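File shown: query_7.cif (mmCIF, C-alpha atoms).
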data_final
loop_
_atom_site.label_atom_id
_atom_site.label_comp_id
_atom_site.auth_asym_id
_atom_site.auth_seq_id
_atom_site.Cartn_x
_atom_site.Cartn_y
_atom_site.Cartn_z
CA MET A 1 104.91 179.19 36.08
CA LEU A 2 101.74 181.21 36.32
CA ASP A 3 99.77 178.01 36.90
CA ILE A 4 101.20 177.97 40.45
CA ALA A 5 101.13 181.74 40.89
CA ASP A 6 99.08 181.77 44.08
CA GLU A 7 101.62 179.79 46.08
CA LEU A 8 104.65 181.46 44.48
CA ASN A 9 103.19 184.88 45.20
CA ARG A 10 102.89 183.84 48.83
CA TRP A 11 106.55 182.78 48.80
CA VAL A 12 107.54 186.18 47.38
CA GLY A 13 105.55 187.93 50.11
CA GLN A 14 107.37 185.87 52.73
CA GLY A 15 110.74 186.83 51.23
CA ARG A 16 111.60 183.26 50.30
CA ASP A 17 114.25 182.43 47.71
CA PHE A 18 113.17 179.77 45.22
CA ALA A 19 113.94 178.30 41.83
CA VAL A 20 111.26 177.67 39.25
CA ALA A 21 111.54 175.03 36.52
CA THR A 22 109.27 175.72 33.55
CA VAL A 23 108.48 173.61 30.51
CA VAL A 24 109.50 175.82 27.58
CA ALA A 25 109.25 173.40 24.63
CA VAL A 26 107.87 169.94 23.97
CA GLY A 27 108.12 167.28 21.29
CA GLY A 28 106.25 164.04 20.79
CA SER A 29 103.89 162.74 23.45
CA ALA A 30 105.03 164.99 26.27
CA PRO A 31 102.73 164.97 29.35
CA ARG A 32 102.79 168.72 30.09
CA GLN A 33 102.70 171.74 27.81
CA PRO A 34 104.83 174.93 27.81
CA GLY A 35 104.19 176.95 30.95
CA ALA A 36 103.83 173.99 33.32
CA ALA A 37 106.13 174.51 36.28
CA LEU A 38 107.70 173.05 39.40
CA ALA A 39 109.21 175.30 42.05
CA VAL A 40 111.49 174.55 44.99
CA ASP A 41 112.25 176.96 47.83
CA SER A 42 115.41 177.25 49.92
CA GLU A 43 113.99 174.86 52.52
CA GLY A 44 113.37 172.15 49.93
CA THR A 45 109.59 172.56 49.70
CA ALA A 46 108.32 171.70 46.21
CA ILE A 47 105.10 172.62 44.42
CA GLY A 48 103.82 172.01 40.89
CA SER A 49 104.82 169.51 38.22
CA VAL A 50 106.59 169.49 34.87
CA SER A 51 106.10 165.92 33.69
CA GLY A 52 103.39 164.17 35.65
CA GLY A 53 106.08 162.36 37.67
CA CYS A 54 108.57 161.10 35.06
CA VAL A 55 111.45 163.49 35.74
CA GLU A 56 110.32 165.37 38.83
CA GLY A 57 113.21 164.08 40.96
CA ALA A 58 115.88 165.21 38.51
CA VAL A 59 114.22 168.60 38.05
CA TYR A 60 113.98 169.02 41.81
CA GLU A 61 117.75 168.59 42.05
CA LEU A 62 118.29 171.08 39.22
CA CYS A 63 116.24 173.62 41.17
CA ARG A 64 118.25 173.02 44.31
CA GLN A 65 121.49 173.50 42.36
CA ALA A 66 120.20 176.67 40.69
CA LEU A 67 119.34 178.10 44.10
CA GLU A 68 122.84 177.36 45.30
CA ASP A 69 124.85 178.70 42.36
CA GLY A 70 122.43 181.36 41.05
CA GLU A 71 122.66 180.14 37.44
CA THR A 72 119.84 179.68 34.96
CA VAL A 73 119.88 176.25 33.30
CA LEU A 74 118.16 174.91 30.18
CA GLU A 75 117.89 171.12 30.28
CA ARG A 76 116.38 168.59 27.87
CA PHE A 77 114.72 165.35 28.94
CA GLY A 78 113.76 162.57 26.56
CA TYR A 79 113.29 158.82 26.34
CA SER A 80 116.33 156.52 26.57
CA ASP A 81 116.07 153.11 24.87
CA GLU A 82 119.55 152.10 26.00
CA ASP A 83 118.96 152.44 29.71
CA ALA A 84 115.49 151.69 31.04
CA PHE A 85 116.42 153.31 34.34
CA ALA A 86 117.76 156.54 32.86
CA VAL A 87 116.04 159.75 33.91
CA GLY A 88 113.66 160.40 31.04
CA LEU A 89 110.11 160.46 29.75
CA THR A 90 108.72 156.94 29.53
CA CYS A 91 106.01 158.21 27.18
CA GLY A 92 108.63 158.82 24.49
CA GLY A 93 108.33 162.59 24.36
CA ILE A 94 110.89 165.35 24.76
CA ILE A 95 110.65 168.36 27.04
CA ASP A 96 112.98 171.32 27.46
CA ILE A 97 112.93 172.82 30.95
CA LEU A 98 114.24 176.24 31.94
CA VAL A 99 115.34 176.42 35.57
CA THR A 100 115.55 179.97 36.92
CA PRO A 101 116.69 180.99 40.41
CA VAL A 102 114.51 183.72 41.93
CA ARG A 103 116.71 184.91 44.78
CA ALA A 104 116.89 188.24 46.55
CA ASP A 105 119.92 189.07 44.42
CA SER A 106 118.33 187.93 41.13
CA ALA A 107 118.14 190.61 38.44
CA THR A 108 114.68 189.40 37.40
CA ARG A 109 113.10 188.95 40.84
CA THR A 110 111.15 192.23 40.59
CA VAL A 111 109.49 191.36 37.30
CA PHE A 112 108.80 187.79 38.47
CA ALA A 113 107.19 189.18 41.63
CA ALA A 114 105.02 191.56 39.57
CA ALA A 115 103.92 188.75 37.24
CA LEU A 116 103.03 186.43 40.11
CA ALA A 117 101.12 189.17 41.95
CA ALA A 118 99.15 189.98 38.80
CA ALA A 119 98.28 186.34 38.11
CA SER A 120 97.38 185.68 41.74
CA SER A 121 95.00 188.64 41.81
CA GLY A 122 93.27 187.65 38.58
CA GLU A 123 94.71 190.54 36.58
CA ALA A 124 95.31 189.93 32.87
CA ALA A 125 99.07 189.94 32.29
CA ALA A 126 101.75 188.06 30.36
CA ILE A 127 105.39 187.39 31.12
CA ALA A 128 107.87 186.75 28.30
CA ARG A 129 111.13 184.94 29.02
CA VAL A 130 114.08 184.20 26.75
CA THR A 131 114.44 180.41 26.54
CA SER A 132 117.09 180.09 23.83
CA GLY A 133 119.46 182.49 22.12
CA PRO A 134 122.51 184.45 23.30
CA ALA A 135 123.62 183.00 26.63
CA GLU A 136 123.59 186.38 28.37
CA LEU A 137 119.87 186.82 27.56
CA VAL A 138 118.51 183.38 28.51
CA GLY A 139 116.19 183.65 31.49
CA ARG A 140 115.64 187.40 31.20
CA ALA A 141 111.99 188.49 31.42
CA LEU A 142 109.52 191.29 30.84
CA LEU A 143 105.89 191.73 31.79
CA VAL A 144 102.97 193.28 29.94
CA ARG A 145 99.55 194.03 31.38
CA ALA A 146 96.20 194.30 29.67
CA SER A 147 96.01 197.98 30.53
CA GLY A 148 99.45 198.69 29.12
CA GLU A 149 100.33 200.46 32.37
CA SER A 150 103.16 199.57 34.71
CA SER A 151 104.09 200.59 38.22
CA GLN A 152 107.16 202.77 38.66
CA GLU A 153 108.60 200.33 41.16
CA SER A 154 108.30 197.19 39.06
CA SER A 155 109.32 198.85 35.80
CA GLN A 156 112.86 199.37 37.07
CA GLU A 157 115.18 196.59 35.90
CA SER A 158 118.87 196.03 35.72
CA THR A 159 118.98 197.78 32.36
CA GLY A 160 117.91 200.96 34.10
CA GLU A 161 115.13 201.38 31.55
CA SER A 162 111.38 201.51 32.07
CA SER A 163 108.41 201.68 29.76
CA GLY A 164 104.73 202.38 30.16
CA GLU A 165 104.13 199.41 27.83
CA TYR A 166 106.09 196.75 29.74
CA GLU A 167 107.95 196.09 32.96
CA GLY A 168 111.44 194.65 33.18
CA GLY A 169 113.52 193.98 30.10
CA LEU A 170 115.50 191.37 28.22
CA GLY A 171 118.80 193.23 28.47
CA GLY A 172 119.56 193.27 24.76
CA HIS A 173 118.86 195.68 21.90
CA PRO A 174 116.06 198.21 22.76
CA GLU A 175 114.10 196.98 19.76
CA LEU A 176 114.17 193.47 21.27
CA ASP A 177 112.18 194.64 24.29
CA ARG A 178 109.63 196.39 22.10
CA THR A 179 109.22 193.37 19.82
CA ALA A 180 109.00 190.96 22.76
CA ALA A 181 106.41 193.17 24.46
CA GLY A 182 104.37 193.23 21.24
CA GLU A 183 104.47 189.44 20.93
CA ALA A 184 103.52 189.05 24.60
CA ARG A 185 100.61 191.45 24.21
CA ALA A 186 99.32 189.54 21.18
CA MET A 187 99.45 186.28 23.14
CA LEU A 188 97.76 187.96 26.11
CA ASP A 189 94.96 189.29 23.92
CA ALA A 190 94.32 185.72 22.74
CA GLY A 191 94.67 184.31 26.27
CA GLN A 192 97.40 181.94 25.06
CA THR A 193 100.67 180.52 26.36
CA GLY A 194 103.33 179.39 23.91
CA VAL A 195 106.72 179.88 22.30
CA VAL A 196 107.47 182.53 19.67
CA GLU A 197 110.61 183.04 17.59
CA ILE A 198 112.18 186.44 16.85
CA GLY A 199 115.64 187.79 16.05
CA ALA A 200 118.00 188.57 18.92
CA ASP A 201 117.93 192.25 17.91
CA GLY A 202 114.13 192.30 17.81
CA SER A 203 113.91 191.86 14.05
CA ARG A 204 112.36 188.96 12.17
CA CYS A 205 115.76 187.81 10.96
CA GLY A 206 119.28 187.50 12.31
CA GLN A 207 120.38 185.31 15.20
CA PRO A 208 117.27 183.44 16.40
CA LEU A 209 115.84 183.86 19.87
CA SER A 210 112.96 181.97 21.48
CA LEU A 211 110.50 183.47 23.94
CA LEU A 212 108.14 181.60 26.20
CA VAL A 213 105.09 183.81 26.72
CA GLU A 214 102.84 182.83 29.62
CA SER A 215 99.46 184.53 29.78
CA SER A 216 97.34 184.88 32.88
CA VAL A 217 93.79 185.91 32.12
CA PRO A 218 90.51 185.82 34.05
CA PRO A 219 88.74 182.45 33.80
CA PRO A 220 86.73 181.91 30.60
CA ARG A 221 82.96 182.09 30.94
CA MET A 222 80.49 179.25 30.74
CA ILE A 223 76.89 180.44 30.54
CA VAL A 224 74.30 177.74 31.14
CA PHE A 225 70.79 178.62 30.00
CA GLY A 226 68.04 176.60 31.65
CA ALA A 227 67.93 175.92 35.41
CA ILE A 228 67.25 172.20 35.14
CA ASP A 229 68.78 169.21 36.93
CA PHE A 230 71.21 168.61 34.06
CA ALA A 231 72.41 172.20 34.48
CA SER A 232 73.38 171.57 38.09
CA ALA A 233 75.76 168.77 37.06
CA LEU A 234 77.13 170.89 34.21
CA VAL A 235 77.83 173.77 36.59
CA ARG A 236 79.93 171.47 38.77
CA ILE A 237 82.01 170.13 35.90
CA GLY A 238 82.34 173.61 34.42
CA LYS A 239 83.87 174.82 37.68
CA PHE A 240 86.17 171.80 37.68
CA LEU A 241 87.40 172.79 34.21
CA GLY A 242 88.16 176.31 35.43
CA TYR A 243 85.22 178.25 33.99
CA HIS A 244 83.42 181.16 35.61
CA VAL A 245 79.91 179.69 35.47
CA THR A 246 76.67 181.65 35.13
CA VAL A 247 73.21 180.08 35.21
CA CYS A 248 70.42 182.01 33.51
CA ASP A 249 66.70 181.22 33.50
CA ALA A 250 63.58 183.37 33.31
CA ARG A 251 61.84 181.30 35.99
CA THR A 252 62.49 182.64 39.48
CA VAL A 253 61.41 179.46 41.22
CA PHE A 254 64.15 177.40 39.50
CA ALA A 255 67.06 179.86 39.23
CA THR A 256 68.08 179.87 42.88
CA ALA A 257 71.32 179.63 44.83
CA LEU A 258 69.90 176.66 46.70
CA ARG A 259 69.62 174.67 43.48
CA PHE A 260 72.97 175.87 42.09
CA PRO A 261 75.35 176.37 45.03
CA ASP A 262 78.44 175.95 42.81
CA ALA A 263 77.51 178.65 40.29
CA ASP A 264 79.47 181.89 40.33
CA GLU A 265 76.40 183.83 39.25
CA ILE A 266 72.67 183.20 38.91
CA VAL A 267 70.62 185.44 36.66
CA VAL A 268 66.84 185.60 36.47
CA ASP A 269 66.01 186.98 33.05
CA TRP A 270 64.93 185.89 29.60
CA PRO A 271 68.02 184.17 28.15
CA HIS A 272 68.24 186.23 24.95
CA ARG A 273 67.92 189.51 26.87
CA TYR A 274 70.70 188.53 29.25
CA LEU A 275 72.97 187.40 26.42
CA GLU A 276 72.44 190.70 24.61
CA ARG A 277 73.69 192.72 27.59
CA THR A 278 76.42 190.53 29.06
CA GLU A 279 80.06 190.36 27.98
CA THR A 280 81.38 187.42 26.00
CA ASP A 281 84.64 186.73 24.17
CA GLY A 282 86.37 184.13 22.06
CA ARG A 283 86.75 181.76 25.04
CA THR A 284 83.11 181.87 26.17
CA VAL A 285 81.01 178.69 25.92
CA LEU A 286 77.21 178.83 25.75
CA CYS A 287 75.19 175.78 26.76
CA VAL A 288 71.47 175.98 25.98
CA LEU A 289 69.59 173.38 28.03
CA THR A 290 66.11 174.90 27.92
CA HIS A 291 64.95 172.95 24.81
CA ASP A 292 61.89 175.18 24.68
CA ALA A 293 61.33 177.10 21.43
CA LYS A 294 60.19 180.32 23.12
CA PHE A 295 63.57 180.49 24.87
CA ASP A 296 65.80 178.73 22.36
CA VAL A 297 64.99 180.55 19.14
CA PRO A 298 65.64 184.18 20.18
CA LEU A 299 68.61 183.07 22.26
CA LEU A 300 70.30 181.02 19.54
CA ARG A 301 69.59 183.60 16.86
CA HIS A 302 71.81 185.98 18.83
CA ALA A 303 74.28 183.39 20.15
CA LEU A 304 75.20 182.06 16.70
CA ARG A 305 76.25 185.53 15.61
CA LEU A 306 78.64 186.07 18.51
CA PRO A 307 82.38 185.33 18.25
CA VAL A 308 82.29 182.77 21.08
CA ALA A 309 84.12 179.45 21.36
CA TYR A 310 81.15 177.09 21.56
CA VAL A 311 77.38 177.09 21.23
CA GLY A 312 75.55 173.88 22.12
CA ALA A 313 71.85 173.15 22.53
CA MET A 314 70.12 170.22 24.25
CA GLY A 315 67.26 168.31 22.70
CA SER A 316 66.36 165.20 20.75
CA ARG A 317 67.08 164.94 17.02
CA ARG A 318 63.44 165.78 16.36
CA THR A 319 63.75 168.85 18.58
CA HIS A 320 66.95 169.74 16.77
CA GLU A 321 65.31 169.60 13.34
CA ASP A 322 62.32 171.63 14.50
CA ARG A 323 64.57 174.19 16.15
CA ASN A 324 66.71 174.55 13.03
CA ALA A 325 63.60 175.17 10.93
CA ARG A 326 62.43 177.86 13.35
CA LEU A 327 65.89 179.47 13.32
CA ARG A 328 65.90 179.57 9.52
CA ASP A 329 62.49 181.24 9.64
CA VAL A 330 63.94 184.08 11.74
CA GLY A 331 66.86 184.66 9.41
CA VAL A 332 69.64 182.44 10.75
CA THR A 333 71.88 181.42 7.84
CA GLU A 334 73.20 177.96 7.08
CA LEU A 335 76.71 179.14 7.90
CA GLU A 336 75.52 180.31 11.30
CA LEU A 337 73.62 177.07 11.89
CA ALA A 338 76.77 175.10 11.15
CA ARG A 339 78.26 176.52 14.35
CA LEU A 340 75.54 174.95 16.50
CA ARG A 341 76.46 171.76 18.40
CA SER A 342 73.13 170.00 18.59
CA PRO A 343 72.20 167.58 19.99
CA ILE A 344 74.72 168.81 22.53
CA GLY A 345 77.63 166.65 23.68
CA LEU A 346 79.61 163.61 22.53
CA ASP A 347 78.09 160.15 22.18
CA LEU A 348 79.02 158.55 25.51
CA GLY A 349 75.72 156.74 25.97
CA ALA A 350 75.02 159.18 28.80
CA ARG A 351 71.83 158.81 30.83
CA THR A 352 72.18 160.59 34.16
CA PRO A 353 72.65 164.36 34.60
CA GLU A 354 76.26 163.75 35.63
CA GLU A 355 76.98 161.56 32.59
CA THR A 356 75.30 164.09 30.32
CA ALA A 357 77.38 166.89 31.84
CA LEU A 358 80.51 164.83 31.15
CA SER A 359 79.36 164.35 27.56
CA ILE A 360 78.90 168.11 27.10
CA ALA A 361 82.20 168.92 28.80
CA SER A 362 84.01 166.38 26.63
CA GLU A 363 82.71 168.07 23.49
CA ILE A 364 83.76 171.48 24.82
CA VAL A 365 87.29 170.22 25.52
CA ALA A 366 87.52 168.47 22.13
CA ASN A 367 86.35 171.65 20.41
CA ARG A 368 88.86 173.74 22.36
CA ARG A 369 91.83 171.44 21.82
CA GLY A 370 91.04 170.16 18.33
CA GLY A 371 90.33 166.62 19.47
CA SER A 372 88.36 164.14 17.37
CA GLY A 373 86.31 162.68 20.21
CA VAL A 374 87.11 159.10 19.11
CA SER A 375 88.59 156.44 21.39
CA LEU A 376 92.39 156.52 21.57
CA THR A 377 92.43 152.72 21.50
CA GLY A 378 93.30 151.71 17.95
CA ALA A 379 93.48 155.31 16.77
CA HIS A 380 96.49 156.58 14.83
CA THR A 381 96.28 160.19 15.95
CA PRO A 382 98.60 162.06 18.37
CA ILE A 383 97.59 161.81 22.03
CA HIS A 384 98.83 165.35 22.57
CA PRO A 385 98.42 167.17 19.22
CA ASP A 386 100.11 170.32 20.55
CA GLY A 387 103.17 168.28 21.45
CA ALA A 388 104.28 168.21 17.82
CA ARG A 389 105.83 171.64 18.19
CA ARG A 390 109.59 171.79 17.70
CA ALA A 391 111.53 171.48 20.95
CA SER A 392 114.13 174.19 21.35
CA GLY A 393 117.81 173.41 21.56
CA ARG A 394 119.35 172.57 24.88
CA ILE A 395 121.56 173.28 26.79
CA GLY A 396 123.74 173.56 29.80
CA SER A 397 124.02 176.49 32.15
CA VAL A 398 124.00 180.13 31.21
CA ALA A 399 124.98 183.14 33.22
#
Rewrite the structure of this file - the entire thing - as structure tokens.
Amino acid sequence: MLDIADELNRWVGQGRDFAVATVVAVGGSAPRQPGAALAVDSEGTAIGSVSGGCVEGAVYELCRQALEDGETVLERFGYSDEDAFAVGLTCGGIIDILVTPVRADSATRTVFAAALAAASSGEAAAIARVTSGPAELVGRALLVRASGESSQESSQESTGESSGEYEGGLGGHPELDRTAAGEARAMLDAGQTGVVEIGADGSRCGQPLSLLVESSVPPPRMIVFGAIDFASALVRIGKFLGYHVTVCDARTVFATALRFPDADEIVVDWPHRYLERTETDGRTVLCVLTHDAKFDVPLLRHALRLPVAYVGAMGSRRTHEDRNARLRDVGVTELELARLRSPIGLDLGARTPEETALSIASEIVANRRGGSGVSLTGAHTPIHPDGARRASGRIGSVA
């Protein structure tokens, strides 16, 4: 749902009623992952997607019905061999979709509005929703923020309870809210969206309950070192992938806004000095395109000791071997060197700056998602590795 937060937040501001259908579990080769959403307002306007087109029409009608009757519905869609024209996923996967009406009289509208406002403004926050378990709890939601603070207005829910640690509530045992908030905070800290299982009373045992936790966090950083023509193409594809992109180079004549109009930030400084003072995290990717030892060695010595997602360096295989020798000379260990992706990128036969940028971006995505980088043709590996997660049980409408 938070992937379409900007538009939904606008709908909330306009006082519109709407229903939102969210993928809450997948199995097999499902096209979209948990958190993907489609929303329909009272006038029939639709935004978003839950399946890439396979079941959008049926989900649209479920949203319209939910708006009319005010009921939350959990529906499963899968492939039907018996009827080629049945509403289902032609890719053979299974998806469970939670359809929630967000009307003026909805008990959870306040917490939904707070979550959408936070995501739309770029604030780090996570919303946890019950997707399976006791019927009276399905669809209930709570929100946690990175600061752990909540507004007095949005912390009031139908339970009548509020907490400085979360907003809203699941309407069950008090321990359930505390456990759900803890799980949501852990997912938020990791910048992840996914399904977690807990007990309906908040314990780790007892009647099972599933929570979909959707995290909204600021965009991950891509820092490109070296203001060369290849960097310009990489900046563009980095922005396309949703990164906040910084270009850093010590040479004033090359590190200019004119050369990198798509960059979020341009820094003129020695790369290693900038990296030492800037903030990075476990989602940050570092792309070293300078292939000049006076820049590369001090930069990579520091970069390979940071808990970042990816460190790649451009250069020929000869440059790579020479650079590794220099790094060993300054104390970089073999374990640290093993983190270095060099020569940078996947083997696409790239020649142009744009092709090279695609090669680098492909390696970043493969590293992030656990992909092998091999052609899918003839391969016997899952197309969507994450889709192997167990799909939650269906079903029907719940109050």
TODO: Please provide as a VMD selection string all residues within 10 Å of A:His244, with the sequence filter that same-chain residues fewer than 6 positions apart are discarded (counting only C-alpha atoms).
DONE: chain A and resid 218 to 223 235 238 263 to 265 284
Open item on the list: Starting from the PyMOL selection byres ((chain A and resi 306-317) around 8), expand the selection into actual residues of this file and give them as a ChimeraX atom specification.
Closed with: /A:280-291,302-305,318-321,339-345,364,367-368
Task: Option closest in space to A:Ser372, from A:Leu300, A:Leu346, A:Val99, A:Val267 [counting all atoms listed in the file] - done: A:Leu346
- [ ] Select, counting all atoms listed in the file, all protein, DNA and RNA residues no farther than 10 Å from (110.0, 183.2, 24.9) in file coordinates, and express the selection as a PyMOL selection string.
- [x] chain A and resi 24-25+127-133+138-141+180+183-184+193-198+209-214
Using only C-alpha atoms, please write the residues we just selected to a file, as a tab-separated table (two decimals), in the frame of the given file.
chain	number	residue	atom	x	y	z
A	24	VAL	CA	109.50	175.82	27.58
A	25	ALA	CA	109.25	173.40	24.63
A	127	ILE	CA	105.39	187.39	31.12
A	128	ALA	CA	107.87	186.75	28.30
A	129	ARG	CA	111.13	184.94	29.02
A	130	VAL	CA	114.08	184.20	26.75
A	131	THR	CA	114.44	180.41	26.54
A	132	SER	CA	117.09	180.09	23.83
A	133	GLY	CA	119.46	182.49	22.12
A	138	VAL	CA	118.51	183.38	28.51
A	139	GLY	CA	116.19	183.65	31.49
A	140	ARG	CA	115.64	187.40	31.20
A	141	ALA	CA	111.99	188.49	31.42
A	180	ALA	CA	109.00	190.96	22.76
A	183	GLU	CA	104.47	189.44	20.93
A	184	ALA	CA	103.52	189.05	24.60
A	193	THR	CA	100.67	180.52	26.36
A	194	GLY	CA	103.33	179.39	23.91
A	195	VAL	CA	106.72	179.88	22.30
A	196	VAL	CA	107.47	182.53	19.67
A	197	GLU	CA	110.61	183.04	17.59
A	198	ILE	CA	112.18	186.44	16.85
A	209	LEU	CA	115.84	183.86	19.87
A	210	SER	CA	112.96	181.97	21.48
A	211	LEU	CA	110.50	183.47	23.94
A	212	LEU	CA	108.14	181.60	26.20
A	213	VAL	CA	105.09	183.81	26.72
A	214	GLU	CA	102.84	182.83	29.62
Open item on the list: Residues within 12 Å of (117.1, 187.6, 40.9), file coordinates, counting only C-alpha atoms: what are they? Give the list as a PyMOL selection string.
Closed with: chain A and resi 12+16-20+66-67+69-72+100-113+139-141+157-158+168+399
Grab the residues selected above and save them as an mmCIF file, keeping the file's coordinate frame with C-alpha atoms.
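Saved the output as selection_30.cif:
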data_model
loop_
_atom_site.group_PDB
_atom_site.id
_atom_site.type_symbol
_atom_site.label_atom_id
_atom_site.label_comp_id
_atom_site.auth_asym_id
_atom_site.auth_seq_id
_atom_site.Cartn_x
_atom_site.Cartn_y
_atom_site.Cartn_z
ATOM 1 C CA VAL A 12 107.540 186.180 47.380
ATOM 2 C CA ARG A 16 111.600 183.260 50.300
ATOM 3 C CA ASP A 17 114.250 182.430 47.710
ATOM 4 C CA PHE A 18 113.170 179.770 45.220
ATOM 5 C CA ALA A 19 113.940 178.300 41.830
ATOM 6 C CA VAL A 20 111.260 177.670 39.250
ATOM 7 C CA ALA A 66 120.200 176.670 40.690
ATOM 8 C CA LEU A 67 119.340 178.100 44.100
ATOM 9 C CA ASP A 69 124.850 178.700 42.360
ATOM 10 C CA GLY A 70 122.430 181.360 41.050
ATOM 11 C CA GLU A 71 122.660 180.140 37.440
ATOM 12 C CA THR A 72 119.840 179.680 34.960
ATOM 13 C CA THR A 100 115.550 179.970 36.920
ATOM 14 C CA PRO A 101 116.690 180.990 40.410
ATOM 15 C CA VAL A 102 114.510 183.720 41.930
ATOM 16 C CA ARG A 103 116.710 184.910 44.780
ATOM 17 C CA ALA A 104 116.890 188.240 46.550
ATOM 18 C CA ASP A 105 119.920 189.070 44.420
ATOM 19 C CA SER A 106 118.330 187.930 41.130
ATOM 20 C CA ALA A 107 118.140 190.610 38.440
ATOM 21 C CA THR A 108 114.680 189.400 37.400
ATOM 22 C CA ARG A 109 113.100 188.950 40.840
ATOM 23 C CA THR A 110 111.150 192.230 40.590
ATOM 24 C CA VAL A 111 109.490 191.360 37.300
ATOM 25 C CA PHE A 112 108.800 187.790 38.470
ATOM 26 C CA ALA A 113 107.190 189.180 41.630
ATOM 27 C CA GLY A 139 116.190 183.650 31.490
ATOM 28 C CA ARG A 140 115.640 187.400 31.200
ATOM 29 C CA ALA A 141 111.990 188.490 31.420
ATOM 30 C CA GLU A 157 115.180 196.590 35.900
ATOM 31 C CA SER A 158 118.870 196.030 35.720
ATOM 32 C CA GLY A 168 111.440 194.650 33.180
ATOM 33 C CA ALA A 399 124.980 183.140 33.220
#
Open item on the list: Report, in Å to a single decimal, how far apart atom CA of A:Tyr60 and atom CA of A:Val23 are.
Closed with: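 Calculated distance between atom CA of A:Val23 and atom CA of A:Tyr60 is 13.4 Å.
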Task: Target residues per the PyMOL selection byres ((chain A and resi 231) around 9), formatted as a list in words - done: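 Applied to this file, the PyMOL selection byres ((chain A and resi 231) around 9) selects Val224, Phe225, Gly226, Ala227, Ile228, Asp229, Phe230, Ser232, Ala233, Leu234, Val235, Arg236, Val247, Phe260, Cys287, Leu289, Pro353 and Ala357 of chain A.
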- [ ] Would you please work out which residue, of A:Leu348, A:Leu176, A:Ala125, A:Leu8, is nearest to A:Val374 when using only C-alpha atoms?
- [x] A:Leu348
Selection result of the PyMOL selection byres ((chain A and resi 44) around 10) on this file, as a short mmCIF file (atom, residue, chain, number, x, y, z; two decimals) with C-alpha atoms, in the coordinates of the input:
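Result went into selection.cif, see below:
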data_model
loop_
_atom_site.label_atom_id
_atom_site.label_comp_id
_atom_site.auth_asym_id
_atom_site.auth_seq_id
_atom_site.Cartn_x
_atom_site.Cartn_y
_atom_site.Cartn_z
CA PHE A 18 113.17 179.77 45.22
CA ALA A 39 109.21 175.30 42.05
CA VAL A 40 111.49 174.55 44.99
CA ASP A 41 112.25 176.96 47.83
CA SER A 42 115.41 177.25 49.92
CA GLU A 43 113.99 174.86 52.52
CA THR A 45 109.59 172.56 49.70
CA ALA A 46 108.32 171.70 46.21
CA ILE A 47 105.10 172.62 44.42
CA TYR A 60 113.98 169.02 41.81
CA GLU A 61 117.75 168.59 42.05
CA CYS A 63 116.24 173.62 41.17
CA ARG A 64 118.25 173.02 44.31
#
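Picture a line from atom CA of A:Gly378 to atom CA of A:Ser51; it runs 24.8 Å.
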TODO: Select, from A:Leu116, A:Glu336, A:Trp270, A:Ile237, the residue with the minimum atom-to-atom distance to A:Glu354, counting only C-alpha atoms.
DONE: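 Nearest candidate to A:Glu354 out of A:Leu116, A:Glu336, A:Trp270, A:Ile237: A:Ile237.
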Task: Point-to-point distance from atom CA of A:Pro261 to atom CA of A:Asn9, Å rounded to tenths - done: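 Separation between atom CA of A:Pro261 and atom CA of A:Asn9: 29.1 Å.
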Task: Given all atoms listed in the file as the counted atoms, nearest of A:Ala257, A:Ile95, A:Cys54, A:Ala21 to A:Arg76 - done: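 Nearest candidate to A:Arg76 out of A:Ala257, A:Ile95, A:Cys54, A:Ala21: A:Ile95.
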If you count all atoms listed in the file, which residues fall within 8 Å of A:Gly373, apart from same-chain ones fewer than 5 positions away, as an mmCIF file with C-alpha atoms, keeping the file's coordinate frame?
data_model
loop_
_atom_site.group_PDB
_atom_site.id
_atom_site.type_symbol
_atom_site.label_atom_id
_atom_site.label_comp_id
_atom_site.auth_asym_id
_atom_site.auth_seq_id
_atom_site.Cartn_x
_atom_site.Cartn_y
_atom_site.Cartn_z
ATOM 1 C CA LEU A 346 79.610 163.610 22.530
ATOM 2 C CA SER A 362 84.010 166.380 26.630
ATOM 3 C CA GLU A 363 82.710 168.070 23.490
ATOM 4 C CA ALA A 366 87.520 168.470 22.130
#
